[in-house]
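A.B. asks: Just passing along the structure, written as structure tokens.
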Amino acid sequence: MSLALTFPGQGSQAVGMGKALAEAFAPARAVFAEVDDALSQNLSQLAFEGPAEELTLTANAQPALMAVSMAVLRVLEAEAGFDLAKEAAFVAGHSLGEYAALAAAGSLSISDTARLLRIRGDAMQKAVPVGVGAMAALLGLDYPDAAAIAAEAAEGDVCAAANDNGPGQVVVSGHKAAVERAVALAQARGAKRAIILPVSAPFHCALMQPAADAMREALVAVTVSAPRVPLVANVTASAISDPEVIRTSLVEQVTGTVRWRESVAWMAGAGVDSFYELGAGKVLTGLAKRIASGATATAIGTPADIAAIAAARAG
């Protein structure tokens, strides 16, 4: 069996995430304490107790989701004897999840990752005035068709395929009017659904260039080590390990397409037949099952999930 670890992105956050882990396990508490300390904020309390509207803010959701993912990993190591370097072939994360993947693989420290995600969240929020941009999910269209619709809808504005999440599930991003044109075109061309998403900014398109510039500057100031296992990067949909290539890819993914469908397919092609999604929610688990037919996919985010894995491993 060849295993890959995946780490969820924005949208998977929910009030209460990580709380049961922190109550049950000291290694989880240590991760949350490290993140709180790095940010000089009681982010863990926000994740555990809410309010939801504050947790959903990009600058909070990004480091909070990473903290939950890393808490899950540390508990998995302590309770189930999991050894990432020996047992995982690859790590990968959806958008901000790429930072969690790198922290998991020892490429970035948890503290640096938390600070980078705070900078990233702030910069992405500030890159475009509220109301200027939008994102929409085009369901039932594959990537080439969705990308063509985005290009046609642009009409001099920005409109691009931002997330290629899975078969028939593509998200477009850009200027609000252009994204609305893309929705209308998609509906006219046989999309099952085309819906504007409730997001605060148009992520993963050229409008995010100010945030990419901010991340380039921020990443120069941190130590990036070679990961213990390769990262399958959003922008390349293939494995990378060189620290400078990792730095570059993290800058490029702010404006680039999240090539998630291709990334999962690439891992499956490289022999991965089992996916563990570490952290909040089960979005990537569902996508993995659709993209890599025959592979098993397991979401691990609660004490019960950890206990099930530990029992299976002891079995």
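If you're wondering about the labels, chains in the structure tokens are A, B, ... by order shown, residues count from 1 in each chain, ligands from 1 in order shown.
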Can you list every residue in segment 140-310 of chain A that DSSP puts in helix (DSSP H, G or I), as a PyMOL selection string?
C.D. replies: chain A and resi 143-154+176-188+206-220+243-255+260-269+283-291+303-310
A.B. asks: For Ala33 of chain A, list every protein, DNA or RNA residue within 12 Å, evaluated using only C-alpha atoms, and leave out those in the same chain fewer than 6 positions away; present the list as a PyMOL selection string.
C.D. replies: chain A and resi 22+26-27+39-45+64+67-68+70-71+110-111+114
A.B. asks: May I ask which of the residues A:Glu252, A:Leu117, A:Ala104, A:Ala20 is the closest one to Ala38 of chain A, counting only C-alpha atoms?
C.D. replies: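 Checking each candidate against Ala38 of chain A, we get A:Leu117 as the closest.
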A.B. asks: Looking only at strand (DSSP E or B) from DSSP on the backbone, list the matching residues of segment 199-306 of chain A as a PyMOL selection string.
C.D. replies: chain A and resi 231-232+239-240+258+274-278+296-300
A.B. asks: In terms of the shortest atom-to-atom distance over only C-alpha atoms, which of A:Phe82, A:Ser107, A:Ala218, A:Phe25 is closest to Ile119 of chain A?
C.D. replies: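 Smallest separation from Ile119 of chain A among the options: A:Ala218.
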A.B. asks: Write out as a PyMOL selection string each polymer residue whose atoms come within 8 Å of Gly97 of chain A, counting only C-alpha atoms; drop sequence neighbours fewer than 3 positions from it.
C.D. replies: chain A and resi 6-9+65-66+92-94+100-101
A.B. asks: Could you list, as a ChimeraX atom specification, every residue within 9 Å of segment 167-179 of chain A, counting only C-alpha atoms and ignoring same-chain residues fewer than 4 positions away?
C.D. replies: /A:131-143,146-147,150,153-163,183-184,191,196-197,201-207,261,287,290-291
A.B. asks: Just checking: using only C-alpha atoms, which residue out of A:Leu185, A:Ala30, A:Ala148, A:Val199 ends up closest to Thr56 of chain A?
C.D. replies: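 Counting only C-alpha atoms, the residue closest to Thr56 of chain A is A:Val199.
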A.B. asks: For a quick check of understanding, using only C-alpha atoms, which of A:Ser263, A:Ser293, A:Thr58, A:Thr248 has the smallest distance to Gln125 of chain A?
C.D. replies: A:Thr58
A.B. asks: So the first atom is atom CA of Val283 of chain A and the second is atom CA of Ala103 of chain A; what is the distance between them in Å, to one decimal place?
C.D. replies: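 Computing the Euclidean distance for atom CA of Val283 of chain A and atom CA of Ala103 of chain A yields 20.3 Å.
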A.B. asks: In terms of the shortest atom-to-atom distance over only C-alpha atoms, which of A:Ser2, A:Val232, A:Ala314, A:Gln13 is closest to Gly81 of chain A?
C.D. replies: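 Once distances to Gly81 of chain A are computed over only C-alpha atoms, the minimum belongs to A:Ala314.
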A.B. asks: Neighbours of Ala14 of chain A within 8 Å (only C-alpha atoms; same-chain residues fewer than 4 positions away dropped), as a list in words?
C.D. replies: Ala47, Ala52, Leu55 and Ala280 of chain A
A.B. asks: Could you please determine the separation between atom CA of Ser225 of chain A and atom CA of Gly256 of chain A in Å, to one decimal place?
C.D. replies: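 Result for atom CA of Ser225 of chain A versus atom CA of Gly256 of chain A: 23.1 Å, one decimal.
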A.B. asks: Residues near Ala268 of chain A, anyone? I mean within 12 Å using only C-alpha atoms, not counting same-chain ones fewer than 6 positions away, as an MDAnalysis selection string.
C.D. replies: chainID A and resid 1:4 89:90 232 237:238 261:262 274:275 288:297
